[in-house]
Structure formats: C-alpha cells, structure tokens
Amino acid sequence: METADPTPHARSTDRDTAADGPPRTAPQLSLELLVHGVGGTTAQEMLGDPRVQLITGDDTAACYRRTDDADAEQRPDDYRGEPVREAYCWSNLTSGNGARALWLILVPFMVANLAHWMRPAAPSEHPAQRIYDLLVRILALTLTVLLAAAACEVALDLTAWQCAGTTVCAAGKSWMGFLSPDNSGWWSAPGRRLALASMVPLLVIGFLWGLSRRTWSAYESASPPPRLPGTSRDTPVAERTALSREGFWYGRRLVARLRAAHTTAGVLTVAAVLLAAAAKADGDGGHPVLAVTGRALTALVIVLAAATLIVVWRTARSEGAPDVSSDHLVVRTLPFASLAVLALTLVYTGWARPGARSRGPLPGADAFGGIAVFQGVLVLALAVTAWVLQRAARDDARTALRGMGGPAVALLACAVGGVLSGGVAQRFADWLDGGATPGQAHAPIPGPPVLLSWQASVIPVLLVVVAAVAVLAAIRMVIVRNRVAKDVPGLYDPREQPDAGRTKRIAATIAGAGLTDSAPVLIAATSAVTLVLGAGAVIGAWLTGRAPGRATEGAPPVVHAAAETAESLGSWLMGAGVILLITMGRRAYRDHSARRTIGILWDVGTFWPRAAHPFAPPCYAERAVPDLTWRMATWTERFDGRLVLSGHSQGSVLAAAAVWQLDLVTRSRVALLTYGSPLERLYGRWFPAFFGPPALTGLHREMDDWRNLWRFTDPIGGPIRLTCEGGRRIDQGPLRDPLSFGRTLQNPLPAQILGHGDYQADPVFGTVRAELIARLSPDLPGQRPAGDESPEGRPAQGSSGRSSG
C-alpha cells in the first residue's frame with residue numbers, strides 16, 4: 001500500500017527540545033479514538049468503565065477517558081504496547097427532548113438538500129455540475145414557497161376569507177365573531193381580515209428563519225483545524241474527493257445567503273396572496289388610485305422576487321477555503337426590503353373598500369397547480385442533467401439508480417411537501433365546516449383548492465403500489481431465507497446439533513438485512529408512480545375545475561363511488577401522515593430501539609451541509625468532523641504519536657470524513673478501524689461523487705492502514721470492497737453471527753444474533769484491533785529539518801513560528 005511520507009512535521013521548540021538539541025527519548029504514545037454510531041451510547045459503555053472524565057468538549061459533544069487514563073501523556077511508560085483509549089460522544093448533536101420531533105416537519109427540505117449531494121461522480125469541472133446544483137437550489141426554493149402558500153391557504157383563504165366571510169361557518173365560533181361581516185365591525189372588511197390573518201404565515205416564516213439562524217450559530221460555527229488539509233500530488237485526480245477540501249465543512253456565508261433568500265421568498269408569497277385578493281376587488285369597480293397602488297406594489301414584489309432568484313442563482317458552494325465571512329448586504333437588505341413591501345401591502349389591503357365581500361375561494365388558489373407543474377419541470381430537467389453527468393462518471397458500477405438517485409429523491413421531496421401542505425389544509429377545512437365535507441354540495445365553504453383534493457385522491461393508489469412492492473420484497477425475503485438456510489449450518493462447528501428453528505431465524509435475519517440493498521427499487525417505483533399520478537392530478541384539476549367526487553357525478557356509479565372513496569380516504573391519509581410523522585419523531589427521541597431504526601435515515605439526511613435549503617435540519621457533521629479533526633491534529637502535534645480511529649456505523653462515516661480533513665503527514669499516521677459501516681453500502685452507492693470507489697481508494701492510499709468488519713446479518717453496515725496492494729483486502733468478514741449455532745459446553749445458552757451492534761463481542765474484532773495497534777509500535781522516523789517541505793511542496797507546518805492551536 002502506498003502512503004504519503006510519514007515523516008512528521010518539524011516540532012515547536014517550546015514543547016520539545018531545542019533545534020540543536022538531542023531528540024526526545026520518551027516512549028511514543030498511541031491513541032485509540034472511539035466514535036459511536038446511530039443511537040449513540042455513553043462514554044462509560046464505550047470505555048467499559050463507570051468512572052470517566054471529560055478531556056475536551058462540552059455537553060453537546062466531547063471526548064472522554066477513563067479516570068485512570070486522564071493523565072496518560074504524563075506517564076507514557078505505563079502504555080507500552082497498548083494505546084490510550086478515548087471516546088468521542090456526539091449523540092446530543094442528533095438527539096434531545098421530544099420538541100425536536102417537530103424538526104421532522106422539515107423533512108421535505110432535508111430530502112431536497114440530499115438531492116444536491118446525490119449527483120453522479122462526474123469530474124468536478126464538467127459544465128453540467130453547475131446546472132445540476134442550480135436546479136436543486138431552485139427546486140428547494142419552490143418548497144419554501146409551497147410552505148408559505150400552504151400557511152396562507154389555512155390562515156388567509158380557509159379562515160379569514162371563506163369561513164369568516166360565511167355566516168353559517170362563522171356561527172358558533174366565538175373566536176371568529178369579531179371577523180364576521182354580520183357584526184359590521186372594523187375587522188369585518190375582507191381586506192382587514194386578510195391583513196390580520198397574514199400574521200400566521202409570517203410567524204411560520206419567522207419561526208423557520210429563527211430556527212435556521214439559531215442552529216446555524218450552534219452547528220456551523222466551527223473553525224478550521226490548525227493544519228491545512230491537502231491531497232498528495234501522487235494521488236490520481238480521480239481519487240480526490242471534495243471531502244478533503246479545506247472549506248467543505250465551513251460554509252457559513254452560503255447558508256446565511258440562502259436563508260435570506262428563502263425568507264424573502266416566503267414573505268413575498270404572503271404579499272402576493274394579499275395583492276391578488278385586493279387586485280380582484282379593485283378590478284371589480286374599485287378606486288383607481290388603489291388600483292395604481294396595487295400595480296406599483298406588484299412591481300416591487302416582482303423586482304424583489306427577481307433579486308431573490310439572482311441570489312439563489314449565484315450562491316453556490318465554495319469549498320476551496322472556509323467560507324466564514326458574512327454578506328450583510330444580501331443577508332440584511334433582502335429580508336428587510338421584503339418586510340417593508342409586505343407592510344405597504346398590508347396597508348393597501350386593509351384600506352376600506354365599501355361593499356367588498358369575500359365569495360368563493362381566495363383569488364390565486366390556482367398557484368398550487370403552477371407550483372406543482374414548475375416542480376415537475378425542474379425534476380425532469382434535473383433527471384436529464386443527472387443522465388449527462390452519469391455518462392461522464394468515473395465509476396458507476398454500483399451507483400444507485402444509475403445516477404438517477406438525485407432526481408428521484410427531489411421528486412419525493414416535492415411529494416412529501418405536497419402531502420404535508422395538503423394534509424394540513426384538508427384537515428383544517430374539515431374542522432372549520434363542522435359535519436359537512438368541504439367542496440361538496442351544500443357545504444358552507446368551498447374548501448381547499450381543487451388540486452389538493454385531486455392530490456389526496458391519488459394517495460390510495462400510490463399506497464397500493466408501495467404495498468405491492470413491499471409484498472414483492474417480502475416474497476423475495478422468503479426465497480432468500482430458504483436459500484440461505486441450507487448454508488447456515490455449514491458456517492459452524494459440525495459437532496453443534498442443527499436446529500431447524502434456529503436456522504430459520506438466522507436465515508431470516510440475513511434475508512431481512514439484505515432488503516437494504518433493495519431500497520433503490522422501492523424508491524424508483526415510488527418516484528415513477530408519484531410522477532405519473534401527480535401529473536394526472538394536475539391535469540384532472542385543470543380540466544374539470546372540480547374535486548374528483550363532483551367531477552364524476554355523471555359517470556357510472558362504480559366510477560363515481562371509487563372517486564369519492566379515493567378522495568375521502570386520501571384526505572384522511574394526508575392528515576394522518578402529518579400526525580404519524582410527528583408521532584414517529586417523538587418516539588424516535590424517546591425510545592432507544594426506535595432511534596436506531598429511524599435514526600439511520602435521519603442521520604444520513606442530516607450528515608450533509610445545508611447546500612440547497614437553509615431551513616433543512618442542521619448538519620451535525622459540521623460540528624463533529626471539525627471536532628475529530630482538531631482532536632487528531634492537535635494530539636499528534638503535541639505528543640508526536642500515532643492513533644487508531646475506531647468508528648461504528650455512522651461514526652465510521654464521521655471518522656472517514658475527519659481523516660480526509662487532516663493534512664497528509666497526520667493522515668499517514670492514522671489507522672482506521674470501521675465496523676458496521678455504511679461507507680460503501682449506503683454512502684458509496686447513493687453519494688458516489690463523494691464516497692465512490694475512487695474516493696475510498698484515495699483515502700486508503702494516504703492512510704497508515706484500514707480494516708473493516710461486517711456481517712451478513714447487519715442491515716446497515718457492509719464491506720468496503722477495496723483490495724490493498726499485494727492482494728490483502730480491507731474487509732474482514734463476513735463475521736459469524738451468532739457466534740455459536742447451538743448450545744455447547746462453552747455457550748450453554750443460545751447466543752444472541754447481534755446484527756448491527758456489539759462488534760466488540762466477536763474475537764475477530766480483538767485480533768484485527770491488535771494488528772492495527774501493533775503497527776503503531778515501531779519508533780517514528782527522525783524529524784525533518786525546520787526548512788524542509790511537506791509532500792505537497794509547501795513549507796512544513798508545525799515549525800517553531802506557528803502556534804499549535
């Protein structure tokens with residue numbers, strides 16, 4: 001295996017000897033840095049000792065040691081042949097109280113952000129890369145507009161315009177009495193009702209802005225490590241990854257600019273809804289001065305919308321250097337300008353218009369159809385761009401969906417956004433009109449836009465398709481289980497008596513773990529059906545202008561009954577989806593087993609920086625990766641040692657990302673031990689541009705060594721599929737699970753099927769760990785002269801003139 005020059009950088013004279021003095025003779029220390037995975041664990045469990053001491057960090061993420069090892073650097077003789085063990089605990093970055101379950105409402109934003117990172121592994125200089133990134137950013141912007149439009153639909157259309165303007169609907173609702181036109185109060189005018197109700201969507205946008213800003217300050221405020229990352233000139237270009245760039249995890253300016261643009265888009269959406277309602281009243285014989293004012297405000301909204309698009313267009317990631325500056329001109333000007341226009345619009349909308357009444361749905365309700373069509377066009381354009389990039393990709397053998405993962409996930413983000421917005425609107429309308437059904441004959445209010453009813457009616461069909469795919473997956477699981485069951489007894493000592501029930505359980509676990517590799521089929525089927533049904537819903541709404549139940553009134557009874565059933569069932573499913581999402585989120589934060597099940601999907605989504613949508617849940621890796629990088633860089637700098645970085649599950653992804661951020665000299669002093677790792681199985685297939693085989697090969701080339709443990713029974717982890725020079729493979733496995741087949745003298749009770757957890761219980765783990773630790777024992781080469789250069793040709797860092805950080 002080729003590695004970078006392992007010679008350490010020149011050391012600071014205030015920590016070691018003088019420049020012309022003898023070298024240190026103290027034994028070299030080694031460090032084993034443990035990083036846990038999904039669900040987290042305590043430092044006591046990781047270190048196997050109830051007495052632990054915090055070494056560095058805070059309540060959110062920190063490094064711990066056993067109390068007896070806290071001063072290990074002062075006693076190097078006590079650690080000959082055995083490294084100092086240290087645990088990095090980061091679970092508080094992704095868990096917390098039940099209130100964090102509300103973050104699951106941000107799932108559409110998170111999924112859209114994932115689409116940015118799923119692009120094929122084409123060369124970075126390919127011109128289609130810019131087009132791909134731009135399309136994802138614009139698609140993410142439409143999701144913010146959709147959220148603001150949904151809030152306006154609930155507060156402005158259903159509440160202030162339809163229900164408050166209808167005596168039958170407003171009757172019995174004391175909280176709405178002052179808005180009713182029957183009271184002839186100051187707030188009973190339609191424009192003033194709308195102006196008051198606009199505070200609700202404005203609060204929603206303000207909440208998202210505040211949450212994004214607070215998490216931006218907490219998660220994206222890390223500073224770069226004291227050593228510059230780099231890539232060896234000997235590393236082939238195809239094996240270099242963006243994860244090794246100096247500014248990859250430091251994009252504060254980009255998120256701030258996108259936050260300003262999305263906040264502006266949300267505020268302008270509210271202003272546009274108000275202007276549409278007021279313009280209709282002015283067009284029906286209103287005062288000419290008000291009409292001119294409305295056109296002037298509309299022009300201002302269009303100008304600000306164009307400026308927002310330009311900001312989104314020009315706000316691309318710059319990963320060559322930490323982007324930690326602040327763009328106050330954009331960050332402050334755009335949102336405040338949009339708020340000023342909204343304030344003028346509120347005055348204009350609330351101006352007295354004698355005789356104005358609210359009838360039917362609020363003008364501009366067809367905008368939902370326009371948003372859906374525009375999102376569909378963007379997804380198709382994204383698919384074409386991904387196809388072009390895939391053709392130029394370096395290695396596409398195992399890429400999920402042949403490079404179409406990004407467009408498929410982007411479409412699902414739009415679908416989830418539509419379900420959440422439509423579900424809230426449908427259930428709120430049903431609550432407002434009491435026992436009636438919104439939109440049906442004799443209902444007190446027209447209800448939500450017709451498109452939302454059509455979208456609700458296609459949900460049962462979509463669920464049937466998903467259920468069919470699930471049934472096929474279950475059949476496949478049974479087939480695999482029966483095939484694997486024949487081979488299970490051969491994995492164990494023939495003296496152990498075979499047991500049919502035990503064999504079936506082991507084989508079923510292996511077959512179930514293999515379903516992870518079938519996820520592309522499920523996502524492809526769901527995305528394709530969603531695209532077809534979504535297009536059908538838009539066409540049906542535009543052609544008929546009525547809900548499916550009313551549009552089929554003249555059709556045969558069977559067709560009419562099916563349409564009404566689908567519409568009613570879909571409406572309830574949309575509302576139930578919102579409740580289910582929040583319930584699952586709360587359970588995931590309270591139940592450890594649920595956290596492990598749901599957590600991997602959430603942790604994969606929140607691993608990536610907010611490159612497309614600033615309202616997505618925060619990226620925990622922007623805190624965890626710098627933490628690990630700082631710890632490894634400063635420890636090796638201070639104590640001139642080597643280390644083993646041991647990562648389980650998602651911790652192995654953080655470990656690999658942190659190693660990429662190290663400079664080449666430090667990187668060559670690190671050995672990596674991963675187990676239950678999704679690096680290739682999930683990240684390599686779905687994010688090939690960053691974790692594809694070339695990138696992992698380059699990482700292995702520049703490290704001291706790398707070993708990976710995996711099991712067939714693990715639904716998350718898998719092999720890395722790399723072979724070292726000389727024929728030795730990185731992967732150690734598959735490990736036997738369970739460790740013993742039946743009852744024996746050594747194991748009188750049935751051994752547990754471990755699956756994704758407790759890799760340390762396997763004897764192979766101890767053997768592999770010992771081999772890696774043994775590589776740390778030889779004495780390090782002599783120091784470079786102070787004027788020597790690093791492998792990249794730049795002056796060696798860590799010289800006497802530089803602070804160690």
# chains A, B, ... in the order shown; residues from 1 in each chain; ligands from 1
>>> select_by_dssp(residues="stretch 541-681 of chain A", states="strand (DSSP E)", output="PyMOL selection string")
chain A and resi 642-648+670-675
>>> residues_around(residues="A:Ala197", least_positions_apart="6", cutoff="9 Å", atoms="only C-alpha atoms", output="CSV table (one decimal) with C-alpha atoms, in the first residue's frame")
chain,number,residue,atom,x,y,z
A,152,CYS,CA,-51.7,31.3,3.5
A,155,ALA,CA,-54.9,31.3,7.6
A,156,LEU,CA,-56.0,33.6,4.8
A,159,THR,CA,-60.1,31.1,7.8
A,160,ALA,CA,-60.2,34.8,7.0
>>> select_by_dssp(residues="stretch 134-273 of chain A", states="helix (DSSP H, G or I)", output="VMD selection string")
chain A and resid 134 to 163 167 to 170 174 to 179 181 to 183 186 to 188 190 to 197 199 to 219 237 to 239 242 to 244 252 to 273
>>> residues_around(residues="A:Asp78", least_positions_apart="2", cutoff="12 Å", atoms="only C-alpha atoms", output="number ranges by chain")
A: 26-30, 68-69, 71-76, 80-84
>>> write_last_selection(atoms="all heavy atoms", output="compact mmCIF listing (two decimals), in the first residue's frame")
# COMPACT_ATOMS: atom_id res chain seq x y z
N ALA A 26 11.63 9.66 25.23
CA ALA A 26 10.46 9.08 25.90
C ALA A 26 9.70 8.18 24.93
O ALA A 26 9.71 8.40 23.72
CB ALA A 26 9.54 10.19 26.41
N PRO A 27 9.05 7.13 25.43
CA PRO A 27 8.28 6.24 24.55
C PRO A 27 7.17 7.02 23.83
O PRO A 27 6.58 7.95 24.37
CB PRO A 27 7.69 5.22 25.53
CG PRO A 27 8.54 5.29 26.75
CD PRO A 27 9.01 6.71 26.83
N GLN A 28 6.92 6.60 22.59
CA GLN A 28 5.88 7.23 21.81
C GLN A 28 4.51 6.72 22.24
O GLN A 28 4.30 5.51 22.35
CB GLN A 28 6.09 6.95 20.31
CG GLN A 28 7.40 7.49 19.76
CD GLN A 28 7.40 9.00 19.71
OE1 GLN A 28 6.36 9.63 19.74
NE2 GLN A 28 8.58 9.59 19.65
N LEU A 29 3.58 7.61 22.49
CA LEU A 29 2.23 7.24 22.86
C LEU A 29 1.41 6.93 21.62
O LEU A 29 1.67 7.44 20.52
CB LEU A 29 1.56 8.36 23.63
CG LEU A 29 1.77 8.43 25.14
CD1 LEU A 29 1.10 9.67 25.68
CD2 LEU A 29 1.19 7.20 25.81
N SER A 30 0.41 6.10 21.81
CA SER A 30 -0.59 5.83 20.78
C SER A 30 -1.96 6.12 21.38
O SER A 30 -2.17 5.96 22.59
CB SER A 30 -0.51 4.37 20.30
OG SER A 30 0.76 4.10 19.76
N ASP A 68 -8.59 6.82 35.17
CA ASP A 68 -7.20 6.39 35.36
C ASP A 68 -6.31 6.79 34.20
O ASP A 68 -5.07 6.81 34.35
CB ASP A 68 -7.15 4.86 35.54
CG ASP A 68 -7.83 4.41 36.82
OD1 ASP A 68 -8.01 5.26 37.72
OD2 ASP A 68 -8.22 3.23 36.91
N ASP A 69 -6.90 7.10 33.03
CA ASP A 69 -6.11 7.43 31.85
C ASP A 69 -6.06 8.93 31.56
O ASP A 69 -5.51 9.35 30.54
CB ASP A 69 -6.67 6.73 30.61
CG ASP A 69 -6.62 5.22 30.73
OD1 ASP A 69 -5.76 4.72 31.48
OD2 ASP A 69 -7.44 4.54 30.07
N ASP A 71 -4.38 11.35 32.71
CA ASP A 71 -3.05 11.95 32.64
C ASP A 71 -2.06 11.02 31.94
O ASP A 71 -0.88 10.98 32.27
CB ASP A 71 -2.55 12.31 34.03
CG ASP A 71 -2.45 11.09 34.93
OD1 ASP A 71 -3.05 10.04 34.59
OD2 ASP A 71 -1.77 11.17 35.97
N ALA A 72 -2.53 10.28 30.97
CA ALA A 72 -1.69 9.27 30.32
C ALA A 72 -0.46 9.89 29.67
O ALA A 72 0.61 9.27 29.64
CB ALA A 72 -2.50 8.50 29.28
N GLU A 73 -0.57 11.09 29.16
CA GLU A 73 0.56 11.71 28.49
C GLU A 73 1.72 11.98 29.45
O GLU A 73 2.88 12.09 29.00
CB GLU A 73 0.14 13.01 27.81
CG GLU A 73 -0.68 12.85 26.54
CD GLU A 73 -2.12 12.48 26.83
OE1 GLU A 73 -2.53 12.53 28.01
OE2 GLU A 73 -2.86 12.15 25.87
N GLN A 74 1.44 12.09 30.73
CA GLN A 74 2.50 12.29 31.71
C GLN A 74 3.11 10.96 32.17
O GLN A 74 4.11 10.95 32.88
CB GLN A 74 1.96 13.03 32.94
CG GLN A 74 1.81 14.53 32.74
CD GLN A 74 0.70 14.88 31.78
OE1 GLN A 74 -0.42 14.38 31.92
NE2 GLN A 74 0.98 15.74 30.80
N ARG A 75 2.50 9.83 31.74
CA ARG A 75 3.00 8.50 32.15
C ARG A 75 3.12 7.59 30.93
O ARG A 75 2.47 6.54 30.86
CB ARG A 75 2.05 7.89 33.18
CG ARG A 75 1.89 8.69 34.46
CD ARG A 75 0.91 8.04 35.43
NE ARG A 75 -0.47 8.11 34.97
CZ ARG A 75 -1.19 7.08 34.54
NH1 ARG A 75 -0.63 5.87 34.50
NH2 ARG A 75 -2.43 7.23 34.16
N PRO A 76 3.90 7.96 29.94
CA PRO A 76 3.96 7.14 28.72
C PRO A 76 4.50 5.73 28.95
O PRO A 76 4.16 4.81 28.20
CB PRO A 76 4.88 7.95 27.80
CG PRO A 76 5.69 8.80 28.72
CD PRO A 76 4.81 9.13 29.88
N ARG A 80 3.06 1.11 27.21
CA ARG A 80 3.84 0.45 26.17
C ARG A 80 3.03 -0.71 25.57
O ARG A 80 2.59 -1.60 26.30
CB ARG A 80 5.15 -0.09 26.75
CG ARG A 80 6.12 0.99 27.18
CD ARG A 80 7.39 0.39 27.74
NE ARG A 80 8.35 1.40 28.15
CZ ARG A 80 9.26 1.93 27.35
NH1 ARG A 80 9.32 1.53 26.08
NH2 ARG A 80 10.09 2.84 27.79
N GLY A 81 2.84 -0.67 24.26
CA GLY A 81 2.13 -1.75 23.58
C GLY A 81 0.62 -1.66 23.64
O GLY A 81 -0.07 -2.49 23.06
N GLU A 82 0.08 -0.68 24.34
CA GLU A 82 -1.38 -0.52 24.43
C GLU A 82 -1.71 0.97 24.34
O GLU A 82 -1.15 1.78 25.07
CB GLU A 82 -1.90 -1.08 25.75
CG GLU A 82 -3.42 -1.04 25.90
CD GLU A 82 -4.14 -1.97 24.93
OE1 GLU A 82 -3.49 -2.92 24.42
OE2 GLU A 82 -5.33 -1.74 24.70
N PRO A 83 -2.61 1.35 23.44
CA PRO A 83 -2.91 2.77 23.28
C PRO A 83 -3.78 3.31 24.39
O PRO A 83 -4.46 2.56 25.10
CB PRO A 83 -3.64 2.81 21.93
CG PRO A 83 -4.31 1.49 21.84
CD PRO A 83 -3.37 0.51 22.49
N VAL A 84 -3.76 4.60 24.53
CA VAL A 84 -4.68 5.29 25.43
C VAL A 84 -6.05 5.31 24.74
O VAL A 84 -6.16 5.70 23.57
CB VAL A 84 -4.21 6.73 25.71
CG1 VAL A 84 -5.19 7.42 26.65
CG2 VAL A 84 -2.81 6.73 26.26
>>> closest_atom_pairs(of="stretch 489-589 of chain A", to="stretch 464-476 of chain A", cutoff="9 Å", atoms="only C-alpha atoms", output="tab-separated table")
residue	atom	partner	partner_atom	distance
A:Ala511	CA	A:Arg476	CA	8.4
A:Gly512	CA	A:Ala474	CA	8.8
A:Leu515	CA	A:Ala473	CA	7.3
A:Ser518	CA	A:Ala473	CA	7.9
A:Val521	CA	A:Val469	CA	8.4
A:Leu522	CA	A:Val469	CA	6.6
A:Ala525	CA	A:Val466	CA	7.7
A:Thr526	CA	A:Val466	CA	6.6
A:Val529	CA	A:Val465	CA	7.7
>>> write_last_selection(atoms="C-alpha atoms", output="mmCIF file, in the first residue's frame")
data_model
loop_
_atom_site.group_PDB
_atom_site.id
_atom_site.type_symbol
_atom_site.label_atom_id
_atom_site.label_comp_id
_atom_site.auth_asym_id
_atom_site.auth_seq_id
_atom_site.Cartn_x
_atom_site.Cartn_y
_atom_site.Cartn_z
ATOM 1 C CA ALA A 511 -32.556 -12.072 4.339
ATOM 2 C CA GLY A 512 -34.042 -9.086 6.168
ATOM 3 C CA LEU A 515 -33.510 -5.716 1.976
ATOM 4 C CA SER A 518 -33.385 -3.303 -2.472
ATOM 5 C CA VAL A 521 -36.142 -0.485 -6.382
ATOM 6 C CA LEU A 522 -38.632 0.883 -3.855
ATOM 7 C CA ALA A 525 -41.090 2.594 -8.170
ATOM 8 C CA THR A 526 -42.419 5.200 -5.748
ATOM 9 C CA VAL A 529 -45.704 6.329 -9.796
#
>>> residues_around(residues="stretch 256-267 of chain A", least_positions_apart="4", cutoff="6 Å", atoms="only C-alpha atoms", output="PDB file with all heavy atoms, in the first residue's frame")
ATOM      1  N   VAL A 145     -41.661  28.297  -1.000  1.00  0.00           N
ATOM      2  CA  VAL A 145     -42.855  28.978  -1.500  1.00  0.00           C
ATOM      3  C   VAL A 145     -44.092  28.116  -1.248  1.00  0.00           C
ATOM      4  O   VAL A 145     -45.157  28.633  -0.868  1.00  0.00           O
ATOM      5  CB  VAL A 145     -42.690  29.299  -2.997  1.00  0.00           C
ATOM      6  CG1 VAL A 145     -43.991  29.860  -3.570  1.00  0.00           C
ATOM      7  CG2 VAL A 145     -41.556  30.285  -3.208  1.00  0.00           C
ATOM      8  N   ALA A 148     -45.058  28.430   2.424  1.00  0.00           N
ATOM      9  CA  ALA A 148     -45.708  29.714   2.686  1.00  0.00           C
ATOM     10  C   ALA A 148     -47.105  29.750   2.078  1.00  0.00           C
ATOM     11  O   ALA A 148     -48.050  30.279   2.698  1.00  0.00           O
ATOM     12  CB  ALA A 148     -44.847  30.847   2.120  1.00  0.00           C
ATOM     13  N   THR A 308     -34.202  37.831  -5.547  1.00  0.00           N
ATOM     14  CA  THR A 308     -34.071  36.581  -4.791  1.00  0.00           C
ATOM     15  C   THR A 308     -33.570  35.459  -5.676  1.00  0.00           C
ATOM     16  O   THR A 308     -32.687  34.675  -5.288  1.00  0.00           O
ATOM     17  CB  THR A 308     -35.425  36.205  -4.174  1.00  0.00           C
ATOM     18  OG1 THR A 308     -35.872  37.263  -3.310  1.00  0.00           O
ATOM     19  CG2 THR A 308     -35.314  34.924  -3.367  1.00  0.00           C
ATOM     20  N   VAL A 331     -27.761  39.539   3.232  1.00  0.00           N
ATOM     21  CA  VAL A 331     -28.412  38.907   4.373  1.00  0.00           C
ATOM     22  C   VAL A 331     -29.395  39.852   5.054  1.00  0.00           C
ATOM     23  O   VAL A 331     -30.437  39.419   5.560  1.00  0.00           O
ATOM     24  CB  VAL A 331     -27.339  38.420   5.369  1.00  0.00           C
ATOM     25  CG1 VAL A 331     -27.976  37.935   6.659  1.00  0.00           C
ATOM     26  CG2 VAL A 331     -26.507  37.315   4.732  1.00  0.00           C
ATOM     27  N   PRO A 335     -34.323  40.505   3.207  1.00  0.00           N
ATOM     28  CA  PRO A 335     -35.467  40.269   4.100  1.00  0.00           C
ATOM     29  C   PRO A 335     -36.138  41.557   4.563  1.00  0.00           C
ATOM     30  O   PRO A 335     -37.376  41.634   4.601  1.00  0.00           O
ATOM     31  CB  PRO A 335     -34.849  39.501   5.280  1.00  0.00           C
ATOM     32  CG  PRO A 335     -33.605  38.897   4.737  1.00  0.00           C
ATOM     33  CD  PRO A 335     -33.089  39.887   3.745  1.00  0.00           C
ATOM     34  N   SER A 338     -38.240  43.011   1.784  1.00  0.00           N
ATOM     35  CA  SER A 338     -39.498  42.279   1.604  1.00  0.00           C
ATOM     36  C   SER A 338     -40.485  42.584   2.721  1.00  0.00           C
ATOM     37  O   SER A 338     -41.695  42.693   2.479  1.00  0.00           O
ATOM     38  CB  SER A 338     -39.220  40.775   1.542  1.00  0.00           C
ATOM     39  OG  SER A 338     -38.677  40.308   2.768  1.00  0.00           O
ATOM     40  N   PRO A 614     -31.727  26.227   3.308  1.00  0.00           N
ATOM     41  CA  PRO A 614     -31.240  26.678   4.618  1.00  0.00           C
ATOM     42  C   PRO A 614     -32.162  26.312   5.768  1.00  0.00           C
ATOM     43  O   PRO A 614     -31.759  26.406   6.928  1.00  0.00           O
ATOM     44  CB  PRO A 614     -31.176  28.201   4.444  1.00  0.00           C
ATOM     45  CG  PRO A 614     -32.258  28.502   3.450  1.00  0.00           C
ATOM     46  CD  PRO A 614     -32.266  27.338   2.510  1.00  0.00           C
TER      47      PRO A 614
END
